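K.L.:
Provided herewith: data_27.csv, CSV, C-alpha atoms.
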chain,number,residue,atom,x,y,z
A,1,MET,CA,0.5,40.9,16.6
A,2,LYS,CA,0.9,38.9,19.8
A,3,SER,CA,-1.1,35.7,20.1
A,4,ASP,CA,-3.8,35.4,22.8
A,5,GLU,CA,-1.6,32.9,24.6
A,6,ALA,CA,1.3,35.4,24.7
A,7,LEU,CA,-1.1,38.1,26.1
A,8,LEU,CA,-2.3,35.6,28.7
A,9,TRP,CA,1.3,34.8,29.7
A,10,ALA,CA,2.1,38.5,30.0
A,11,THR,CA,-1.1,39.1,32.0
A,12,GLY,CA,0.1,36.4,34.3
A,13,GLN,CA,3.1,38.6,34.9
A,14,ALA,CA,0.9,41.5,35.9
A,15,ASP,CA,1.3,43.3,32.6
A,16,LEU,CA,-1.7,45.6,32.5
A,17,ALA,CA,-1.2,46.7,28.9
A,18,ALA,CA,-1.4,43.0,27.8
A,19,PHE,CA,-4.5,42.5,30.0
A,20,ARG,CA,-6.1,45.5,28.3
A,21,GLU,CA,-5.4,44.1,24.9
A,22,LEU,CA,-6.8,40.8,25.9
A,23,TYR,CA,-9.9,42.5,27.2
A,24,ASP,CA,-10.3,44.4,24.0
A,25,ARG,CA,-10.0,41.2,21.9
A,26,HIS,CA,-12.5,39.2,24.0
A,27,ALA,CA,-14.9,41.5,25.7
A,28,ASP,CA,-17.5,41.4,22.9
A,29,ARG,CA,-17.2,37.6,22.6
A,30,VAL,CA,-17.6,37.0,26.3
A,31,TYR,CA,-20.5,39.6,26.5
A,32,ARG,CA,-22.5,38.0,23.7
A,33,PHE,CA,-21.9,34.5,25.1
A,34,ALA,CA,-23.0,35.7,28.5
A,35,LEU,CA,-26.1,37.3,27.0
A,36,SER,CA,-27.0,34.0,25.4
A,37,ARG,CA,-27.1,32.5,28.9
A,38,VAL,CA,-28.4,35.2,31.1
A,39,ARG,CA,-30.5,37.1,28.5
A,40,ARG,CA,-30.2,40.4,30.4
A,41,SER,CA,-27.7,43.1,29.6
A,42,HIS,CA,-26.8,44.1,33.2
A,43,LEU,CA,-26.2,40.4,34.1
A,44,ALA,CA,-24.1,39.9,31.0
A,45,GLU,CA,-22.0,42.9,32.0
A,46,GLU,CA,-21.6,41.3,35.4
A,47,VAL,CA,-20.5,38.0,33.8
A,48,LEU,CA,-18.0,39.9,31.7
A,49,GLN,CA,-16.6,41.8,34.7
A,50,GLU,CA,-16.2,38.7,36.8
A,51,THR,CA,-14.8,36.7,33.9
A,52,MET,CA,-12.1,39.2,33.2
A,53,PHE,CA,-11.3,39.6,36.9
A,54,ALA,CA,-10.9,35.8,37.0
A,55,VAL,CA,-8.6,36.0,34.0
A,56,TRP,CA,-6.5,38.6,35.7
A,57,LYS,CA,-6.2,36.5,38.8
A,58,GLN,CA,-5.7,33.2,37.1
A,59,ALA,CA,-3.7,34.0,34.0
A,60,ASP,CA,-0.5,32.7,35.5
A,61,ARG,CA,-2.2,29.3,35.8
A,62,PHE,CA,-2.9,29.1,32.0
A,63,CYS,CA,-0.5,26.5,30.7
A,64,GLY,CA,-1.6,26.5,27.0
A,65,ARG,CA,-3.2,23.1,27.1
A,66,SER,CA,-6.3,24.7,25.5
A,67,LYS,CA,-6.9,27.7,23.3
A,68,ALA,CA,-7.1,31.0,25.1
A,69,THR,CA,-10.6,31.6,23.7
A,70,THR,CA,-11.8,28.2,25.0
A,71,TRP,CA,-10.3,28.9,28.4
A,72,ILE,CA,-11.8,32.3,28.7
A,73,LEU,CA,-15.3,31.2,27.5
A,74,GLY,CA,-15.1,28.3,30.0
A,75,ILE,CA,-14.6,30.8,32.8
A,76,ALA,CA,-17.5,32.9,31.4
A,77,ARG,CA,-19.7,29.9,31.4
A,78,ASN,CA,-18.9,29.2,35.1
A,79,GLN,CA,-19.5,32.8,36.0
A,80,ALA,CA,-22.9,32.8,34.2
A,81,HIS,CA,-23.9,29.7,36.0
A,82,ALA,CA,-23.0,31.3,39.4
A,83,ILE,CA,-24.9,34.5,38.6
A,84,LEU,CA,-28.0,32.5,37.4
A,85,ARG,CA,-28.0,30.4,40.5
A,86,ARG,CA,-27.8,33.5,42.6
A,87,GLU,CA,-30.7,35.1,40.6
A,88,LYS,CA,-32.8,32.0,41.1
A,89,LYS,CA,-32.3,32.1,44.8
A,90,GLY,CA,-33.7,35.7,44.7
A,91,GLU,CA,-30.7,37.1,46.5
A,92,ARG,CA,-31.2,40.4,44.6
A,93,LEU,CA,-33.8,42.1,42.5
A,94,PRO,CA,-33.2,42.4,38.8
A,95,GLU,CA,-32.2,45.8,37.6
A,96,GLU,CA,-34.1,45.5,34.4
A,97,PRO,CA,-37.7,44.3,34.0
A,98,ALA,CA,-38.0,40.9,32.3
A,99,SER,CA,-40.6,42.5,30.0
A,100,GLU,CA,-41.2,42.4,26.3
A,101,PRO,CA,-38.2,43.4,24.1
A,102,ASP,CA,-38.1,47.1,23.1
A,103,PRO,CA,-39.6,47.2,19.6
A,104,ALA,CA,-37.2,50.0,18.7
A,105,GLU,CA,-34.3,47.8,19.4
A,106,THR,CA,-35.7,44.8,17.6
A,107,ALA,CA,-37.0,46.3,14.4
A,108,GLU,CA,-35.3,43.7,12.3
A,109,ILE,CA,-35.8,40.7,14.5
A,110,ASP,CA,-39.0,38.7,14.9
A,111,VAL,CA,-40.0,39.0,18.5
A,112,ARG,CA,-41.3,35.4,18.3
A,113,VAL,CA,-37.8,34.3,17.5
A,114,GLN,CA,-36.4,36.1,20.5
A,115,ARG,CA,-39.0,34.5,22.7
A,116,ALA,CA,-38.4,31.1,21.3
A,117,LEU,CA,-34.6,31.3,21.8
A,118,ALA,CA,-35.1,32.7,25.3
A,119,GLY,CA,-37.5,29.8,26.0
A,120,LEU,CA,-34.8,27.2,25.3
A,121,SER,CA,-32.8,25.7,28.2
A,122,ALA,CA,-29.5,27.3,29.1
A,123,GLU,CA,-27.7,24.3,27.8
A,124,HIS,CA,-29.4,24.5,24.5
A,125,GLN,CA,-28.9,28.3,24.2
A,126,GLU,CA,-25.1,28.1,24.9
A,127,ALA,CA,-24.6,25.3,22.5
A,128,LEU,CA,-26.4,27.1,19.7
A,129,HIS,CA,-24.4,30.3,20.4
A,130,LEU,CA,-21.0,28.6,20.4
A,131,VAL,CA,-21.5,26.5,17.3
A,132,PHE,CA,-23.6,28.9,15.1
A,133,TYR,CA,-22.4,32.3,16.3
A,134,GLU,CA,-18.9,31.6,17.4
A,135,GLU,CA,-18.5,28.9,14.7
A,136,MET,CA,-16.6,26.7,17.1
A,137,SER,CA,-15.5,23.3,16.2
A,138,LEU,CA,-17.1,20.3,17.9
A,139,ALA,CA,-14.0,19.8,20.0
A,140,ASP,CA,-13.7,23.4,21.1
A,141,ALA,CA,-17.4,23.7,22.0
A,142,ALA,CA,-17.1,20.5,24.0
A,143,ALA,CA,-14.1,22.0,25.9
A,144,VAL,CA,-16.0,25.2,26.7
A,145,LEU,CA,-19.1,23.3,27.9
A,146,GLY,CA,-17.1,20.7,29.7
A,147,VAL,CA,-19.0,17.8,28.2
A,148,PRO,CA,-18.2,15.0,25.7
A,149,GLU,CA,-18.5,15.8,22.0
A,150,GLY,CA,-21.5,13.5,21.7
A,151,THR,CA,-23.4,15.6,24.3
A,152,VAL,CA,-22.7,18.7,22.3
A,153,LYS,CA,-24.1,17.0,19.1
A,154,SER,CA,-27.1,15.9,21.0
A,155,ARG,CA,-27.8,19.3,22.6
A,156,LEU,CA,-27.5,21.0,19.2
A,157,PHE,CA,-29.9,18.5,17.7
A,158,TYR,CA,-32.6,18.9,20.3
A,159,ALA,CA,-32.1,22.6,20.6
A,160,ARG,CA,-32.8,22.9,16.8
A,161,LYS,CA,-35.8,20.7,17.0
A,162,ALA,CA,-37.2,22.6,20.0
A,163,LEU,CA,-36.7,25.9,18.2
A,164,ALA,CA,-38.3,24.6,15.0
A,165,GLU,CA,-41.2,23.2,16.9
A,166,GLU,CA,-41.8,26.5,18.7
A,167,LEU,CA,-41.7,28.5,15.5
A,168,ARG,CA,-43.6,26.1,13.3
B,1,MET,CA,-20.5,7.1,8.7
B,2,THR,CA,-23.5,6.8,6.4
B,3,ASP,CA,-26.6,6.7,8.6
B,4,CYS,CA,-29.0,9.6,8.5
B,5,GLU,CA,-29.1,10.2,12.3
B,6,GLY,CA,-25.3,10.4,12.6
B,7,LEU,CA,-24.9,12.7,9.6
B,8,ARG,CA,-27.7,15.0,10.8
B,9,GLU,CA,-25.9,15.5,14.1
B,10,LEU,CA,-22.9,16.7,12.1
B,11,MET,CA,-24.8,19.2,10.0
B,12,PRO,CA,-24.3,22.3,12.2
B,13,TRP,CA,-20.5,22.0,11.6
B,14,TYR,CA,-21.1,21.2,7.9
B,15,VAL,CA,-22.8,24.6,7.4
B,16,THR,CA,-20.2,26.5,9.4
B,17,GLY,CA,-17.4,24.8,7.5
B,18,LYS,CA,-15.9,23.3,10.7
B,19,LEU,CA,-16.2,19.7,9.7
B,20,GLY,CA,-13.3,17.5,8.8
B,21,ALA,CA,-12.8,16.7,5.1
B,22,ALA,CA,-14.0,13.1,5.4
B,23,ASP,CA,-17.1,13.9,7.3
B,24,ALA,CA,-17.9,16.9,5.1
B,25,ALA,CA,-17.6,14.7,2.0
B,26,ALA,CA,-19.9,12.1,3.6
B,27,VAL,CA,-22.6,14.7,4.4
B,28,ALA,CA,-22.3,16.2,0.9
B,29,ALA,CA,-22.6,12.8,-0.8
B,30,HIS,CA,-25.5,11.8,1.4
B,31,ILE,CA,-27.7,14.8,0.8
B,32,GLN,CA,-27.5,14.2,-2.9
B,33,THR,CA,-29.6,11.1,-2.4
B,34,CYS,CA,-31.6,11.6,0.8
B,35,GLU,CA,-34.5,14.1,0.5
B,36,ARG,CA,-35.2,13.9,4.2
B,37,CYS,CA,-31.6,14.9,5.1
B,38,ARG,CA,-31.7,17.8,2.6
B,39,GLN,CA,-34.7,19.1,4.5
B,40,GLU,CA,-32.8,18.7,7.8
B,41,LEU,CA,-29.9,20.6,6.3
B,42,ALA,CA,-32.3,23.4,5.3
B,43,GLU,CA,-33.5,23.5,8.9
B,44,VAL,CA,-30.0,23.8,10.2
B,45,VAL,CA,-29.3,26.7,7.9
B,46,TRP,CA,-32.5,28.4,9.0
B,47,VAL,CA,-31.7,28.0,12.7
B,48,ARG,CA,-28.2,29.3,12.2
B,49,HIS,CA,-29.7,32.4,10.6
B,50,LEU,CA,-32.1,32.9,13.5
B,51,VAL,CA,-29.3,32.6,16.1
B,52,ASN,CA,-27.1,35.1,14.2
B,53,ALA,CA,-30.0,37.5,13.6
B,54,ASP,CA,-30.7,37.4,17.3
B,55,ARG,CA,-27.1,38.4,18.0
B,56,ALA,CA,-26.9,41.1,15.3
B,57,ASP,CA,-28.5,43.8,17.5
B,58,VAL,CA,-26.4,43.2,20.6
B,59,PRO,CA,-24.9,46.5,21.5
B,60,ALA,CA,-21.2,47.0,22.1
B,61,VAL,CA,-19.8,46.4,25.5
B,62,PRO,CA,-20.2,49.7,27.5
B,63,ALA,CA,-16.9,51.4,28.4
B,64,ARG,CA,-17.8,51.3,32.1
B,65,VAL,CA,-17.2,47.5,32.3
B,66,TRP,CA,-13.5,47.9,31.8
B,67,ARG,CA,-13.4,50.5,34.6
B,68,LYS,CA,-15.4,48.0,36.8
B,69,VAL,CA,-12.9,45.3,36.0
B,70,LEU,CA,-10.0,47.5,37.0
B,71,ALA,CA,-11.8,48.4,40.2
B,72,ARG,CA,-12.6,44.8,40.9
B,73,ALA,CA,-9.0,43.8,40.5
B,74,GLY,CA,-7.8,46.7,42.7
B,75,LEU,CA,-6.1,48.4,39.7
B,76,ARG,CA,-6.1,52.0,38.6
B,77,ASP,CA,-4.2,54.2,36.4
B,78,LEU,CA,-1.9,56.4,38.4
B,79,ALA,CA,-0.8,58.5,35.5
B,80,SER,CA,-1.0,58.5,31.7
B,81,VAL,CA,0.5,61.1,29.6
B,82,ASP,CA,0.8,61.2,25.8
B,83,ILE,CA,3.2,63.5,24.1
B,84,GLY,CA,3.8,64.0,20.4
B,85,SER,CA,1.7,63.5,17.3
B,86,LEU,CA,0.7,60.5,15.3
B,87,LEU,CA,0.9,62.7,12.2
B,88,VAL,CA,4.6,62.9,12.4
B,89,GLY,CA,4.9,59.2,13.3
B,90,LEU,CA,6.1,59.8,16.9
B,91,ARG,CA,4.0,59.2,19.9
B,92,LEU,CA,5.6,59.0,23.4
B,93,GLY,CA,3.5,57.9,26.3
B,94,VAL,CA,4.3,57.4,30.0
B,95,ASN,CA,2.2,55.1,32.0
B,96,ALA,CA,2.2,54.1,35.6
B,97,GLN,CA,-0.3,51.6,37.0
B,98,ARG,CA,-1.0,50.3,40.4
B,99,THR,CA,-1.0,46.5,39.9
B,100,LYS,CA,-0.4,43.5,42.1
B,101,ALA,CA,3.2,44.4,42.0
B,102,PRO,CA,3.7,47.7,43.8
B,103,VAL,CA,4.1,50.0,40.9
B,104,ARG,CA,5.0,49.5,37.3
B,105,ALA,CA,5.8,52.1,34.7
B,106,SER,CA,6.5,52.0,31.0
B,107,LEU,CA,7.4,54.3,28.1
B,108,ARG,CA,5.3,53.9,25.0
B,109,VAL,CA,7.2,54.7,21.9
B,110,MET,CA,5.7,54.3,18.4
B,111,GLY,CA,3.0,52.1,19.9
B,112,ARG,CA,5.4,49.8,21.8
B,113,ASN,CA,5.6,49.6,25.5
B,114,VAL,CA,9.1,49.7,27.0
B,115,ARG,CA,9.1,48.9,30.7
B,116,VAL,CA,11.1,51.0,33.1
B,117,VAL,CA,9.9,49.4,36.2
B,118,ASP,CA,9.3,45.7,36.1
B,119,GLU,CA,8.3,43.5,39.0
B,120,ARG,CA,7.0,40.1,38.1
B,121,ARG,CA,4.7,37.8,39.9
B,122,GLY,CA,5.4,34.2,40.5
B,123,THR,CA,3.6,31.8,38.1
B,124,GLY,CA,1.5,28.9,39.2
B,125,CYS,CA,2.3,27.2,35.9
B,126,LYS,CA,5.8,26.4,35.0
B,127,ALA,CA,5.1,27.3,31.4
B,128,THR,CA,7.6,29.4,29.5
B,129,GLN,CA,6.6,32.4,27.4
B,130,PRO,CA,4.6,31.2,24.4
B,131,ASP,CA,5.9,32.0,20.9
B,132,ALA,CA,3.7,34.8,19.6
B,133,THR,CA,3.9,33.4,16.1
B,134,ALA,CA,3.4,29.7,17.0
B,135,PRO,CA,0.2,28.1,15.9
B,136,GLN,CA,-2.4,27.7,18.6
B,137,GLN,CA,-3.0,24.1,19.8
B,138,ASP,CA,-5.2,22.5,22.4
I'd like the structure from this file rewritten - as structure tokens, please.

P.N.:
Amino acid sequence: MKSDEALLWATGQADLAAFRELYDRHADRVYRFALSRVRRSHLAEEVLQETMFAVWKQADRFCGRSKATTWILGIARNQAHAILRREKKGERLPEEPASEPDPAETAEIDVRVQRALAGLSAEHQEALHLVFYEEMSLADAAAVLGVPEGTVKSRLFYARKALAEELR
Amino acid sequence: MTDCEGLRELMPWYVTGKLGAADAAAVAAHIQTCERCRQELAEVVWVRHLVNADRADVPAVPARVWRKVLARAGLRDLASVDIGSLLVGLRLGVNAQRTKAPVRASLRVMGRNVRVVDERRGTGCKATQPDATAPQQD
């Protein structure tokens, strides 16, 4: 099986089959990470779309100094930022109401937990996702977030405390 | 590192198994003697569970997103034909795509793509093709 880095190199050579394989490997990861930031599925889809478009355009600039996953999630983070900024400016109306979660979809999940997670800052949410869900090392999480390792540790610590406080 | 505050900051990576051996040993030794840090560790495990439970019901990415990516990049499949049967171990495919290069085409034999038209883009990075089997490094 080709490595992600080899697929990125081939994508940089306009190899659509390699790009498709790269998409298949990373789409779920990018989508879930995006959802942890934007909290709405239609916006997460847009983040994924723009991220993979950027990967297609910029794959020939990937020089292997970081892991492919780190590089792609770094792009996704920037795209999520851009989309959230646009949403805050009110440049478009949301396609989905920001209402209560559908009980049918959340049968196993405490709605209070969802609310508490959604109430955290974007920085805290993405740090929790990368470390606990993606199980990234401290160094990789810092690379995706573009901050020093000490900042990642600090964000995790305060995110955890905020969540515990909210649910206590 | 033996102080409680420093060790507590490392606990997320301790529970995910991503801590270096020395730091992991330091955390393991410390929680044997520090009740407060044992409670902190329990809280880390609980928060990890909450985050993962919240992600458990995330649906799969809809197929339409790939089509949107193709459209966004100005790509589309011009033709795609599969001949043969996987049952007899032979599958022959012919693909042609509109890409940044004018047209590319490939034969797919036994799951492998064999290019018959190959126009390559220039690369902004002077990197050579990575070894598919090489370990990934930062």

K.L.:
Counting all atoms listed in the file, figure out which residue out of A:Leu22, A:Ala162, A:Ala116, A:Ala27 gets nearest to chain B.

P.N.:
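Of A:Leu22, A:Ala162, A:Ala116, A:Ala27, the one nearest chain B, counting all atoms listed in the file, is A:Ala27.
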
K.L.:
Skip region 117-120 of chain A itself and residues of its chain fewer than 3 positions away, then list as a list in words all residues within 10 Å of it, counting all atoms listed in the file.

P.N.:
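Counting all atoms listed in the file, the residues come to Ser36, Arg37, Val38, Arg39, Val111, Arg112, Val113, Gln114, Glu123, His124, Gln125, Glu126, Leu128, Tyr158, Ala159, Arg160, Ala162, Leu163, Glu166 and Leu167 of chain A; Leu50, Val51 and Asp54 of chain B.
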
K.L.:
Which value, in Å to one decimal, gives the distance between CA of Lys57 (chain A) and CA of Thr11 (chain A)?

P.N.:
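Distance between the two atoms: 8.9 Å.
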
K.L.:
Between CA of Pro148 (chain A) and CA of Leu10 (chain B), measure the distance and give it in Å to one decimal.

P.N.:
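So the answer is 14.5 Å.
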
K.L.:
Using all atoms listed in the file, which residue out of B:Gly74, B:Ala28, B:Ala53, B:Asp23 lies closest to chain A?

P.N.:
B:Ala53

K.L.:
Here is a test: counting all atoms listed in the file, which residue of A:Ala80, A:Val131, A:Val152, A:Leu35 is nearest to Asp57 (chain B)?

P.N.:
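Result for the nearest residue to Asp57 (chain B): A:Leu35.
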
K.L.:
Counting all atoms listed in the file, which residues sit no farther than 10 Å from the position (-17.2, 47.5, 37.3) in the file's frame? I'd like them as a ChimeraX atom specification.

P.N.:
/A:45-46,48-50,53 /B:63-73

K.L.:
Using all atoms listed in the file, which of the listed residues (A:Asp15, A:Asp60, A:Asp24, A:Asp4) sits closest to chain B?

P.N.:
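Closest candidate: A:Asp60.
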
K.L.:
Residues at most 12 Å from Phe33 (chain A), counting only C-alpha atoms, excluding those fewer than 5 positions away in the same chain, as a PDB file with C-alpha atoms, in the coordinates of the input?

P.N.:
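Once written, out_5.pdb looks like this:
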ATOM      1  CA  HIS A  26     -12.500  39.200  24.000  1.00  0.00           C
ATOM      2  CA  ALA A  27     -14.900  41.500  25.700  1.00  0.00           C
ATOM      3  CA  ASP A  28     -17.500  41.400  22.900  1.00  0.00           C
ATOM      4  CA  VAL A  38     -28.400  35.200  31.100  1.00  0.00           C
ATOM      5  CA  ARG A  39     -30.500  37.100  28.500  1.00  0.00           C
ATOM      6  CA  ARG A  40     -30.200  40.400  30.400  1.00  0.00           C
ATOM      7  CA  SER A  41     -27.700  43.100  29.600  1.00  0.00           C
ATOM      8  CA  LEU A  43     -26.200  40.400  34.100  1.00  0.00           C
ATOM      9  CA  ALA A  44     -24.100  39.900  31.000  1.00  0.00           C
ATOM     10  CA  GLU A  45     -22.000  42.900  32.000  1.00  0.00           C
ATOM     11  CA  VAL A  47     -20.500  38.000  33.800  1.00  0.00           C
ATOM     12  CA  LEU A  48     -18.000  39.900  31.700  1.00  0.00           C
ATOM     13  CA  THR A  51     -14.800  36.700  33.900  1.00  0.00           C
ATOM     14  CA  THR A  69     -10.600  31.600  23.700  1.00  0.00           C
ATOM     15  CA  THR A  70     -11.800  28.200  25.000  1.00  0.00           C
ATOM     16  CA  ILE A  72     -11.800  32.300  28.700  1.00  0.00           C
ATOM     17  CA  LEU A  73     -15.300  31.200  27.500  1.00  0.00           C
ATOM     18  CA  GLY A  74     -15.100  28.300  30.000  1.00  0.00           C
ATOM     19  CA  ILE A  75     -14.600  30.800  32.800  1.00  0.00           C
ATOM     20  CA  ALA A  76     -17.500  32.900  31.400  1.00  0.00           C
ATOM     21  CA  ARG A  77     -19.700  29.900  31.400  1.00  0.00           C
ATOM     22  CA  ASN A  78     -18.900  29.200  35.100  1.00  0.00           C
ATOM     23  CA  GLN A  79     -19.500  32.800  36.000  1.00  0.00           C
ATOM     24  CA  ALA A  80     -22.900  32.800  34.200  1.00  0.00           C
ATOM     25  CA  ALA A 122     -29.500  27.300  29.100  1.00  0.00           C
ATOM     26  CA  GLN A 125     -28.900  28.300  24.200  1.00  0.00           C
ATOM     27  CA  GLU A 126     -25.100  28.100  24.900  1.00  0.00           C
ATOM     28  CA  ALA A 127     -24.600  25.300  22.500  1.00  0.00           C
ATOM     29  CA  LEU A 128     -26.400  27.100  19.700  1.00  0.00           C
ATOM     30  CA  HIS A 129     -24.400  30.300  20.400  1.00  0.00           C
ATOM     31  CA  LEU A 130     -21.000  28.600  20.400  1.00  0.00           C
ATOM     32  CA  VAL A 131     -21.500  26.500  17.300  1.00  0.00           C
ATOM     33  CA  PHE A 132     -23.600  28.900  15.100  1.00  0.00           C
ATOM     34  CA  TYR A 133     -22.400  32.300  16.300  1.00  0.00           C
ATOM     35  CA  GLU A 134     -18.900  31.600  17.400  1.00  0.00           C
ATOM     36  CA  VAL A 144     -16.000  25.200  26.700  1.00  0.00           C
ATOM     37  CA  LEU A 145     -19.100  23.300  27.900  1.00  0.00           C
TER      38      LEU A 145
ATOM     39  CA  VAL B  51     -29.300  32.600  16.100  1.00  0.00           C
ATOM     40  CA  ARG B  55     -27.100  38.400  18.000  1.00  0.00           C
ATOM     41  CA  VAL B  58     -26.400  43.200  20.600  1.00  0.00           C
TER      42      VAL B  58
END

K.L.:
Quick check, in Å to one decimal: how far apart do CA of Ala18 (chain A) and CA of Leu138 (chain A) lie?

P.N.:
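Those two atoms sit 29.3 Å apart.
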
K.L.:
Taking into account only C-alpha atoms, which residue in the set B:Ala26, B:Ala21, B:Met11, B:Ile31 is nearest to chain A?

P.N.:
B:Met11

K.L.:
Dump as a ChimeraX atom specification all residues having an atom at most 6 Å from (-29.3, 15.6, 16.2), computed in the file's coordinates with all atoms listed in the file.

P.N.:
/A:154,157 /B:8-9

K.L.:
Closest to Ala34 (chain A) among A:Glu165, A:Ala82, A:Leu156, A:Val147, using only C-alpha atoms?

P.N.:
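Answer, going by the shortest atom-to-atom distance: A:Ala82.
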
K.L.:
Missing atoms in region 19-32 of chain A should be modelled up to N, CA and C atoms and reported as a PDB file, keeping the file's coordinate frame.

P.N.:
ATOM      1  N   PHE A  19      -3.124  42.827  29.502  1.00  0.00           N
ATOM      2  CA  PHE A  19      -4.500  42.500  30.000  1.00  0.00           C
ATOM      3  C   PHE A  19      -5.511  43.341  29.252  1.00  0.00           C
ATOM      4  N   ARG A  20      -5.197  44.620  29.039  1.00  0.00           N
ATOM      5  CA  ARG A  20      -6.100  45.500  28.300  1.00  0.00           C
ATOM      6  C   ARG A  20      -6.341  45.018  26.894  1.00  0.00           C
ATOM      7  N   GLU A  21      -5.261  44.607  26.260  1.00  0.00           N
ATOM      8  CA  GLU A  21      -5.400  44.100  24.900  1.00  0.00           C
ATOM      9  C   GLU A  21      -6.216  42.844  24.836  1.00  0.00           C
ATOM     10  N   LEU A  22      -5.990  41.991  25.820  1.00  0.00           N
ATOM     11  CA  LEU A  22      -6.800  40.800  25.900  1.00  0.00           C
ATOM     12  C   LEU A  22      -8.247  41.081  26.104  1.00  0.00           C
ATOM     13  N   TYR A  23      -8.505  42.057  26.960  1.00  0.00           N
ATOM     14  CA  TYR A  23      -9.900  42.500  27.200  1.00  0.00           C
ATOM     15  C   TYR A  23     -10.513  43.007  25.906  1.00  0.00           C
ATOM     16  N   ASP A  24      -9.778  43.866  25.207  1.00  0.00           N
ATOM     17  CA  ASP A  24     -10.300  44.400  24.000  1.00  0.00           C
ATOM     18  C   ASP A  24     -10.640  43.362  22.942  1.00  0.00           C
ATOM     19  N   ARG A  25      -9.811  42.310  22.903  1.00  0.00           N
ATOM     20  CA  ARG A  25     -10.000  41.200  21.900  1.00  0.00           C
ATOM     21  C   ARG A  25     -11.249  40.377  22.288  1.00  0.00           C
ATOM     22  N   HIS A  26     -11.493  40.183  23.579  1.00  0.00           N
ATOM     23  CA  HIS A  26     -12.500  39.200  24.000  1.00  0.00           C
ATOM     24  C   HIS A  26     -13.723  39.679  24.652  1.00  0.00           C
ATOM     25  N   ALA A  27     -13.769  40.972  24.969  1.00  0.00           N
ATOM     26  CA  ALA A  27     -14.900  41.500  25.700  1.00  0.00           C
ATOM     27  C   ALA A  27     -16.236  41.250  24.982  1.00  0.00           C
ATOM     28  N   ASP A  28     -16.267  41.594  23.694  1.00  0.00           N
ATOM     29  CA  ASP A  28     -17.500  41.400  22.900  1.00  0.00           C
ATOM     30  C   ASP A  28     -17.924  39.946  22.892  1.00  0.00           C
ATOM     31  N   ARG A  29     -16.938  39.073  22.687  1.00  0.00           N
ATOM     32  CA  ARG A  29     -17.200  37.600  22.600  1.00  0.00           C
ATOM     33  C   ARG A  29     -17.809  37.115  23.912  1.00  0.00           C
ATOM     34  N   VAL A  30     -17.172  37.501  25.023  1.00  0.00           N
ATOM     35  CA  VAL A  30     -17.600  37.000  26.300  1.00  0.00           C
ATOM     36  C   VAL A  30     -19.035  37.621  26.610  1.00  0.00           C
ATOM     37  N   TYR A  31     -19.223  38.903  26.270  1.00  0.00           N
ATOM     38  CA  TYR A  31     -20.500  39.600  26.500  1.00  0.00           C
ATOM     39  C   TYR A  31     -21.644  38.900  25.754  1.00  0.00           C
ATOM     40  N   ARG A  32     -21.409  38.618  24.498  1.00  0.00           N
ATOM     41  CA  ARG A  32     -22.500  38.000  23.700  1.00  0.00           C
ATOM     42  C   ARG A  32     -22.745  36.561  24.179  1.00  0.00           C
TER      43      ARG A  32
END
